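Asker: The structure under discussion is supplied below as structure tokens; questions concerning it will follow.
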Amino acid sequence: MLDLEVVPERSLGNEQWEFALGMPFSQAISILQKHCRIIKNVQVLYSEQTPLCHDLILNLTQDGIKLLFDATSQRLKVIEVYDLSKVKLKYCGVHFNSQAIAPTIEQIDQSFGATHPGVYNAAEQLFHLNFRGLSFSFQLDSWNEAPKYEPNFAMGLASLQIPHGAMVKRMHIYTGNNLQETRAPAMPLACFLGNIYAECVDVLRDRAGPLGLKLRLLTAGSGLGVMADAKVRSLERNIYFGDSCQDVLGALGSPHKVFYKSEDKMKIHSPSPHKQVPSKCNDYFFNYFTLGVDILFDSSTHLVKKFVLHTNYPGHYNFNIYHRCDFKIPLVIKKEGAESQTEDCILTTYSKWDQIQELLGHPMEKPVVLHRSSSANNTNPFGSTFCFGLQRMIFEVMQNNHIASVTLYGAPRTTSQARPESSSSSH
């Protein structure tokens with residue numbers, strides 16, 4: 001049985017690990033994988049058709065804990081303990097729930113002290129006692145135990161008399177004063193772990209097509225020691241088609257992985273007559289997992305020739321490998337019947353394929369069907385995706401109409417194009 005410390009508005013954990021509000025989904029998965037012999041039977045719950053409308057949930061069924069992640073940011077928003085009989089809980093080092101200590105209303109009062117009057121939900125027969133960043137829901141066994149109201153108390157607030165011995169049914173940890181209105185906080189300093197993260201990625205382009213990426217980056221603790229630089233720093237970096245490896249390394253640092261392409265499975269769709277001629281050397285990717293970006297370099301020139309932006313939707317084969325890339329792609333759409341009139345539009349990580357087709361038009365060719373699988377296991381439980389090419393971009397579309405990734409192609413930057421200076425700031 002897990003023995004965990006409750007920190008209101010912050011975390012649930014022990015000396016070895018903690019689930020902290022604002023933690024990225026992938027870091028919670030890493031904790032579960034590392035302690036898989038202790039934390040077992042974990043479920044991943046998500047909406048297959050509408051993944052942005054419902055929270056992404058990790059359900060620790062053996063321990064009675066749910067971790068609710070915001071569907072958009074994919075950071076931890078709420079920690080729910082829904083079965084207190086499966087876990088030991090303590091506050092400031094003192095247990096208020098264990099096999100020997102029942103989580104009654106008296107015990108909660110003793111451990112956490114006074115708070116505002118509670119709220120009674122007659123439909124659920126639950127009494128909610130709220131602290132800042134922490135709430136307890138008490139089970140009332142019968143309608144006879146419903147709290148008695150004194151409506152004239154404290155300018156309309158009801159004075160609730162909770163039955164002695166009422167037991168906690170659920171506990172929630174969240175940010176702020178209202179569980180229903182809470183949002184996932186910014187990522188804590190302790191979660192950066194020396195990595196850089198992309199706050200947003202803007203695609204730079206001209207009328208012909210994409211030119212490169214403008215990345216707004218976040219990093220923390222870059223001084224000597226873990227907490228020497230205890231603040232989040234904001235950096236802005238631009239990467240262009242035709243940039244060298246040194247340019248990219250100087251702007252973004254070392255990649256998490258370098259992947260050499262052993263074969264090009266899309267080459268068969270090329271009209272080039274030399275498509276079957278094997279290359280003497282292989283193109284290679286810089287994989288930046290925490291940015292949600294891959295950068296492909298030409299094996300001969302070692303210059304950037306392709307960017308891949310990953311949306312990290314659940315239900316995709318590569319889910320949880322990359323962090324979500326929150327990108328914006330500006331489009332210039334010509335209006336019908338007017339050669340000179342144009343309309344500016346923005347595609348984002350959350351645009352659906354039917355919306356994109358309304359803006360860019362339907363592709364002339366049929367899509368390429370992409371069936372991902374590993375060399376060790378040919379099965380893919382998530383099914384195939386479909387790749388459509390439009391305006392020097394390839395959109396990988398999932399079966400729920402969401403975009404799994406966008407691949408950008410562009411002509412290399414000419415020598416006459418000056419590289420803009422990168423800027424940085426702290427906050």
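Numbering starts fresh at 1 for the residues of each chain in the structure tokens, the chains themselves are lettered A, B, ... in the order given, and ligands are numbered from 1 as they appear.
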Would you mind listing what lies within 8 Å of range 205-216 of chain A as a PyMOL selection string, with only C-alpha atoms counted and same-chain residues fewer than 3 positions away left out?
Answerer: chain A and resi 198-202+234-241+330+332+391-392+408-411+413
Asker: As a ChimeraX atom specification, please: the residues near His302 in chain A (cut-off 10 Å, only C-alpha atoms, same-chain neighbours under 2 positions excluded).
Answerer: /A:242-246,283-284,296-300,304-305
Asker: Could those selected residues go to a file with N, CA and C atoms, as a short mmCIF file (atom, residue, chain, number, x, y, z; two decimals), in the first residue's frame?
Answerer:
```cif
data_model
loop_
_atom_site.label_atom_id
_atom_site.label_comp_id
_atom_site.auth_asym_id
_atom_site.auth_seq_id
_atom_site.Cartn_x
_atom_site.Cartn_y
_atom_site.Cartn_z
N GLY A 242 17.95 25.14 -44.87
CA GLY A 242 19.29 25.48 -45.32
C GLY A 242 20.25 25.79 -44.20
N ASP A 243 19.79 25.82 -42.95
CA ASP A 243 20.70 26.00 -41.81
C ASP A 243 21.58 24.77 -41.65
N SER A 244 22.78 24.97 -41.14
CA SER A 244 23.71 23.86 -40.93
C SER A 244 23.45 23.19 -39.58
N CYS A 245 24.07 22.06 -39.37
CA CYS A 245 23.99 21.38 -38.06
C CYS A 245 24.48 22.30 -36.95
N GLN A 246 25.56 23.06 -37.24
CA GLN A 246 26.11 23.96 -36.23
C GLN A 246 25.12 25.07 -35.88
N ASP A 283 20.25 10.30 -44.91
CA ASP A 283 19.81 11.52 -44.23
C ASP A 283 19.57 11.20 -42.76
N TYR A 284 19.59 12.22 -41.92
CA TYR A 284 19.45 11.95 -40.48
C TYR A 284 18.60 13.03 -39.82
N LEU A 296 15.21 17.28 -40.16
CA LEU A 296 15.92 16.37 -41.07
C LEU A 296 17.04 17.12 -41.79
N PHE A 297 18.22 16.52 -41.80
CA PHE A 297 19.38 17.08 -42.48
C PHE A 297 19.73 16.23 -43.70
N ASP A 298 20.14 16.89 -44.74
CA ASP A 298 20.62 16.20 -45.95
C ASP A 298 21.96 15.55 -45.65
N SER A 299 22.12 14.31 -46.06
CA SER A 299 23.34 13.56 -45.73
C SER A 299 24.57 14.08 -46.46
N SER A 300 24.37 14.78 -47.59
CA SER A 300 25.52 15.27 -48.36
C SER A 300 25.93 16.67 -47.93
N VAL A 304 19.54 21.75 -43.25
CA VAL A 304 18.15 21.42 -42.93
C VAL A 304 17.33 21.34 -44.22
N LYS A 305 16.59 20.23 -44.38
CA LYS A 305 15.72 20.07 -45.55
C LYS A 305 14.26 19.79 -45.18
#
```
Asker: Work out how far apart CA of Arg10 in chain A and CA of Tyr174 in chain A are and give it in Å to one decimal.
Answerer: 7.2 Å
Asker: For CA of Gly118 in chain A and CA of Val168 in chain A, determine how far apart the two atoms are, in Å to one decimal place.
Answerer: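 Between CA of Gly118 in chain A and CA of Val168 in chain A the gap works out to 13.3 Å.
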Asker: How far is it from CA of Leu134 in chain A to CA of Asn177 in chain A, in Å with one decimal?
Answerer: 8.1 Å
Asker: Taking into account only C-alpha atoms, which residue in the set A:Val78, A:Ile333, A:Cys53, A:Ala28 is nearest to Ile173 in chain A?
Answerer: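 Of A:Val78, A:Ile333, A:Cys53, A:Ala28, the one nearest Ile173 in chain A is A:Val78, counting only C-alpha atoms.
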Asker: Using DSSP assignments from the backbone, pull out every residue in range 12-138 of chain A that falls under helix (DSSP H, G or I) and give it to me as a ChimeraX atom specification.
Answerer: /A:25-34,84-86,105-112
Asker: Any idea what's packed within 6 Å of Phe388 in chain A, counting only C-alpha atoms, ignoring anything in its chain fewer than 5 positions away? Could you give it as a list in words?
Answerer: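 Result of the neighbour search: Pro367, Ile394 and Phe395 of chain A.
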Asker: How would the residues just chosen look if you wrote them out with all heavy atoms as a PDB file, in the first residue's frame?
Answerer:
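Once everything was written out, this is out-v3.pdb:
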```pdb
ATOM      1  N   PRO A 367      -4.768  10.166 -50.764  1.00  0.00           N
ATOM      2  CA  PRO A 367      -3.768  10.172 -49.689  1.00  0.00           C
ATOM      3  C   PRO A 367      -2.891   8.923 -49.716  1.00  0.00           C
ATOM      4  O   PRO A 367      -3.278   7.876 -50.226  1.00  0.00           O
ATOM      5  CB  PRO A 367      -4.629  10.209 -48.420  1.00  0.00           C
ATOM      6  CG  PRO A 367      -5.906   9.542 -48.822  1.00  0.00           C
ATOM      7  CD  PRO A 367      -6.142   9.961 -50.239  1.00  0.00           C
ATOM      8  N   ILE A 394       2.991  18.358 -45.658  1.00  0.00           N
ATOM      9  CA  ILE A 394       2.317  17.058 -45.625  1.00  0.00           C
ATOM     10  C   ILE A 394       1.608  16.938 -44.284  1.00  0.00           C
ATOM     11  O   ILE A 394       2.238  17.044 -43.219  1.00  0.00           O
ATOM     12  CB  ILE A 394       3.305  15.892 -45.821  1.00  0.00           C
ATOM     13  CG1 ILE A 394       3.893  15.922 -47.228  1.00  0.00           C
ATOM     14  CG2 ILE A 394       2.602  14.557 -45.577  1.00  0.00           C
ATOM     15  CD1 ILE A 394       4.883  14.825 -47.513  1.00  0.00           C
ATOM     16  N   PHE A 395       0.299  16.732 -44.329  1.00  0.00           N
ATOM     17  CA  PHE A 395      -0.513  16.591 -43.128  1.00  0.00           C
ATOM     18  C   PHE A 395      -0.796  15.111 -42.895  1.00  0.00           C
ATOM     19  O   PHE A 395      -1.380  14.445 -43.762  1.00  0.00           O
ATOM     20  CB  PHE A 395      -1.833  17.351 -43.274  1.00  0.00           C
ATOM     21  CG  PHE A 395      -1.669  18.834 -43.426  1.00  0.00           C
ATOM     22  CD1 PHE A 395      -1.525  19.410 -44.687  1.00  0.00           C
ATOM     23  CD2 PHE A 395      -1.644  19.663 -42.318  1.00  0.00           C
ATOM     24  CE1 PHE A 395      -1.383  20.770 -44.837  1.00  0.00           C
ATOM     25  CE2 PHE A 395      -1.497  21.029 -42.450  1.00  0.00           C
ATOM     26  CZ  PHE A 395      -1.360  21.591 -43.716  1.00  0.00           C
TER      27      PHE A 395
END
```
Asker: I need the strand (DSSP E) residues of range 88-260 of chain A per DSSP on the backbone, written as a PyMOL selection string.
Answerer: chain A and resi 88-91+94-97+119-121+126-131+134-139+167-173+197-205+210-220+232-240+257-260
Asker: If we count only C-alpha atoms and set the cut-off at 12 Å, which residues sit around Pro381 in chain A, ignoring sequence neighbours fewer than 3 positions away in its own chain? Please answer as a VMD selection string.
Answerer: chain A and resid 315 to 318 371 to 373 377 to 378 384 to 385
Asker: Quick one: of A:Leu52, A:Cys36, A:Pro8, A:Phe327, who's nearest to Asn130 in chain A, counting only C-alpha atoms?
Answerer: A:Pro8
Asker: Neighbouring residues of Glu48 in chain A were defined as those with any atom within 12 Å, considering only C-alpha atoms; residues of the same chain fewer than 6 positions away were excluded. Please report them as number ranges by chain.
Answerer: A: 54-56, 313-316, 382, 398-402
Asker: Can I get the selected residues back with C-alpha atoms, as an mmCIF file, in the first residue's frame?
Answerer:
```cif
data_model
loop_
_atom_site.group_PDB
_atom_site.id
_atom_site.type_symbol
_atom_site.label_atom_id
_atom_site.label_comp_id
_atom_site.auth_asym_id
_atom_site.auth_seq_id
_atom_site.Cartn_x
_atom_site.Cartn_y
_atom_site.Cartn_z
ATOM 1 C CA HIS A 54 -12.240 15.485 -22.185
ATOM 2 C CA ASP A 55 -9.323 15.268 -19.773
ATOM 3 C CA LEU A 56 -6.551 12.769 -20.384
ATOM 4 C CA TYR A 313 -2.748 13.182 -29.678
ATOM 5 C CA PRO A 314 -3.726 10.053 -27.724
ATOM 6 C CA GLY A 315 -4.686 7.245 -30.057
ATOM 7 C CA HIS A 316 -1.681 7.800 -32.327
ATOM 8 C CA PHE A 382 -4.441 2.452 -33.401
ATOM 9 C CA MET A 398 -5.805 10.471 -37.892
ATOM 10 C CA GLN A 399 -9.081 8.623 -38.276
ATOM 11 C CA ASN A 400 -10.795 11.088 -35.895
ATOM 12 C CA ASN A 401 -9.979 13.970 -38.294
ATOM 13 C CA HIS A 402 -7.249 15.446 -36.059
#
```
Asker: So that I can see what lies close to Thr349 in chain A, please list as number ranges by chain the residues with an atom at most 12 Å from it, counting only C-alpha atoms and leaving out residues fewer than 6 positions away in the same chain.
Answerer: A: 52, 72-73, 200-203, 292, 309-313, 324-329, 356, 395-397, 402-406
Asker: For a quick check of understanding, using only C-alpha atoms, which of A:His35, A:Ile295, A:Gly389, A:Ile79 has the smallest distance to Lys366 in chain A?
Answerer: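 Nearest candidate to Lys366 in chain A out of A:His35, A:Ile295, A:Gly389, A:Ile79: A:Gly389.
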